[in-house]
file protein30.tsv (TSV, C-alpha atoms)
chain	number	residue	atom	x	y	z
A	1	SER	CA	91.76	150.78	143.89
A	2	ALA	CA	90.98	151.18	140.20
A	3	GLN	CA	94.45	149.87	139.36
A	4	GLU	CA	93.85	146.68	141.36
A	5	ILE	CA	90.51	146.18	139.60
A	6	ARG	CA	92.22	146.53	136.22
A	7	LEU	CA	94.78	143.92	137.30
A	8	LEU	CA	92.08	141.48	138.38
A	9	LEU	CA	90.16	141.96	135.15
A	10	SER	CA	93.29	141.50	133.04
A	11	ALA	CA	93.88	138.23	134.93
A	12	GLY	CA	90.47	136.98	133.81
A	13	ALA	CA	88.07	138.03	136.57
A	14	ASN	CA	84.47	138.18	135.34
A	15	VAL	CA	83.18	141.76	135.53
A	16	ASN	CA	79.63	140.48	136.11
A	17	ASP	CA	80.25	137.71	138.69
A	18	ARG	CA	77.63	137.63	141.43
A	19	VAL	CA	78.55	136.93	145.04
A	20	GLY	CA	76.66	136.82	148.34
A	21	GLY	CA	73.28	138.49	148.05
A	22	GLY	CA	73.60	138.52	144.27
A	23	ILE	CA	75.83	141.59	144.13
A	24	THR	CA	78.19	142.27	141.25
A	25	PRO	CA	81.44	144.24	141.36
A	26	VAL	CA	79.74	147.35	139.97
A	27	PHE	CA	77.01	147.03	142.61
A	28	ALA	CA	79.64	146.87	145.36
A	29	ALA	CA	81.46	149.89	143.92
A	30	ALA	CA	78.18	151.84	143.84
A	31	GLN	CA	77.27	150.72	147.35
A	32	TYR	CA	80.53	151.94	148.85
A	33	GLY	CA	80.95	155.13	146.80
A	34	HIS	CA	83.73	154.24	144.37
A	35	ALA	CA	82.90	156.17	141.18
A	36	ASP	CA	86.42	155.61	139.83
A	37	ILE	CA	85.95	151.85	140.03
A	38	ILE	CA	82.51	152.10	138.42
A	39	LYS	CA	84.15	153.77	135.42
A	40	VAL	CA	86.79	151.02	135.16
A	41	LEU	CA	84.14	148.30	135.37
A	42	CYS	CA	82.02	150.04	132.74
A	43	GLU	CA	85.03	150.19	130.42
A	44	GLU	CA	85.00	146.39	130.70
A	45	LYS	CA	81.27	146.23	129.88
A	46	ALA	CA	79.84	145.75	133.36
A	47	ASP	CA	76.10	145.07	133.16
A	48	LEU	CA	74.37	147.89	135.04
A	49	THR	CA	71.00	146.11	134.98
A	50	ILE	CA	71.90	143.09	137.14
A	51	PRO	CA	69.99	143.42	140.42
A	52	ASP	CA	70.91	141.98	143.79
A	53	ASP	CA	68.62	139.44	145.47
A	54	GLN	CA	66.32	142.28	146.60
A	55	GLY	CA	65.92	143.70	143.09
A	56	ARG	CA	68.20	146.68	143.74
A	57	THR	CA	70.44	147.81	140.87
A	58	PRO	CA	73.78	149.61	141.21
A	59	ILE	CA	72.16	153.01	140.62
A	60	TRP	CA	69.48	152.23	143.21
A	61	ILE	CA	72.03	151.43	145.92
A	62	ALA	CA	74.20	154.43	145.02
A	63	ALA	CA	71.15	156.71	145.34
A	64	ARG	CA	70.09	155.05	148.60
A	65	ASN	CA	73.53	155.53	150.12
A	66	GLY	CA	73.85	159.15	148.96
A	67	HIS	CA	76.77	158.58	146.59
A	68	SER	CA	75.88	161.28	144.05
A	69	ASP	CA	79.20	160.92	142.21
A	70	CYS	CA	78.39	157.26	141.64
A	71	VAL	CA	74.85	158.08	140.51
A	72	VAL	CA	76.26	160.55	137.98
A	73	ALA	CA	78.85	158.02	136.75
A	74	LEU	CA	76.17	155.35	136.36
A	75	LEU	CA	73.80	157.70	134.53
A	76	GLU	CA	76.63	158.71	132.19
A	77	GLU	CA	77.12	155.01	131.44
A	78	GLY	CA	73.43	154.54	130.64
A	79	ALA	CA	71.96	153.26	133.92
A	80	ASP	CA	68.19	153.58	134.33
A	81	GLY	CA	67.33	156.02	137.12
A	82	ASP	CA	63.81	154.64	137.20
A	83	SER	CA	64.84	151.06	137.96
A	84	ALA	CA	62.93	149.81	141.00
A	85	ASP	CA	63.57	147.26	143.73
A	86	LEU	CA	61.21	144.36	144.50
A	87	GLU	CA	59.01	146.68	146.57
A	88	GLY	CA	58.59	149.13	143.68
A	89	ALA	CA	60.82	151.93	144.98
A	90	SER	CA	62.73	153.49	142.09
A	91	ALA	CA	66.26	154.85	142.28
A	92	SER	CA	64.98	158.36	141.56
A	93	TRP	CA	62.39	158.05	144.35
A	94	VAL	CA	65.04	156.83	146.81
A	95	ALA	CA	67.29	159.76	145.88
A	96	ALA	CA	64.42	162.22	146.39
A	97	GLN	CA	63.74	160.75	149.85
A	98	ARG	CA	67.35	161.44	150.84
A	99	GLY	CA	66.97	165.06	149.81

call {"tool": "encode", "arguments": {"input": "protein30.tsv", "output": "structure tokens"}}
result
Amino acid sequence: SAQEIRLLLSAGANVNDRVGGGITPVFAAAQYGHADIIKVLCEEKADLTIPDDQGRTPIWIAARNGHSDCVVALLEEGADGDSADLEGASASWVAAQRG
């Protein structure tokens, strides 16, 4: 929950730590559709440009997984909708493919 994330951050957790596959907390929140957590992480200056090991950014994975509320939250925080993965597919292209 957003409250648990705030607690972890107040205890010193790094908002931009990368774990397996190079994902960050904001990437995981975008991947699983947690717009409320994205907002909390952005309040703590989460870096929206850090890609995973495949070059996918948080907005890319949110678009790929159909989490429009997360895409909106990320765009409101300044994420680049044209960021592309290592194969050149942009977040906006991925969203268009989903319909």

call {"tool": "residues_around", "arguments": {"input": "protein30.tsv", "residues": "Asn65 of chain A", "least_positions_apart": "3", "cutoff": "7 Å", "atoms": "all atoms listed in the file", "output": "CSV table (one decimal) with C-alpha atoms, keeping the file's coordinate frame"}}
result
chain,number,residue,atom,x,y,z
A,31,GLN,CA,77.3,150.7,147.4
A,61,ILE,CA,72.0,151.4,145.9
A,62,ALA,CA,74.2,154.4,145.0

call {"tool": "residues_around", "arguments": {"input": "protein30.tsv", "residues": "Ala95 of chain A", "least_positions_apart": "2", "cutoff": "9 Å", "atoms": "all atoms listed in the file", "output": "list of chain:residue names"}}
result
A:Trp60, A:Ala62, A:Ala63, A:Arg64, A:Asn65, A:Gly66, A:Ser68, A:Ser90, A:Ala91, A:Ser92, A:Trp93, A:Gln97, A:Arg98, A:Gly99

call {"tool": "residues_around", "arguments": {"input": "protein30.tsv", "residues": "Thr57 of chain A", "least_positions_apart": "3", "cutoff": "8 Å", "atoms": "all atoms listed in the file", "output": "list in words"}}
result
Phe27, Leu48, Thr49, Ile50, Pro51, Asp52, Trp60, Ile61, Ser83, Ala84 and Asp85 of chain A

call {"tool": "atom_distance", "arguments": {"input": "protein30.tsv", "atom1": "atom CA of Glu43 of chain A", "atom2": "atom CA of Val71 of chain A"}}
result
16.4 Å

call {"tool": "residues_around", "arguments": {"input": "protein30.tsv", "residues": "segment 12-17 of chain A", "least_positions_apart": "5", "cutoff": "10 Å", "atoms": "only C-alpha atoms", "output": "number ranges by chain"}}
result
A: 5-7, 22-27, 40-42, 44-48, 50

call {"tool": "atom_distance", "arguments": {"input": "protein30.tsv", "atom1": "atom CA of Ser1 of chain A", "atom2": "atom CA of His67 of chain A"}}
result
17.1 Å

call {"tool": "closest_residue", "arguments": {"input": "protein30.tsv", "among": "A:Gln54, A:Gly88, A:Leu74, A:Gly81", "to": "Gly20 of chain A", "atoms": "all atoms listed in the file"}}
result
A:Gln54
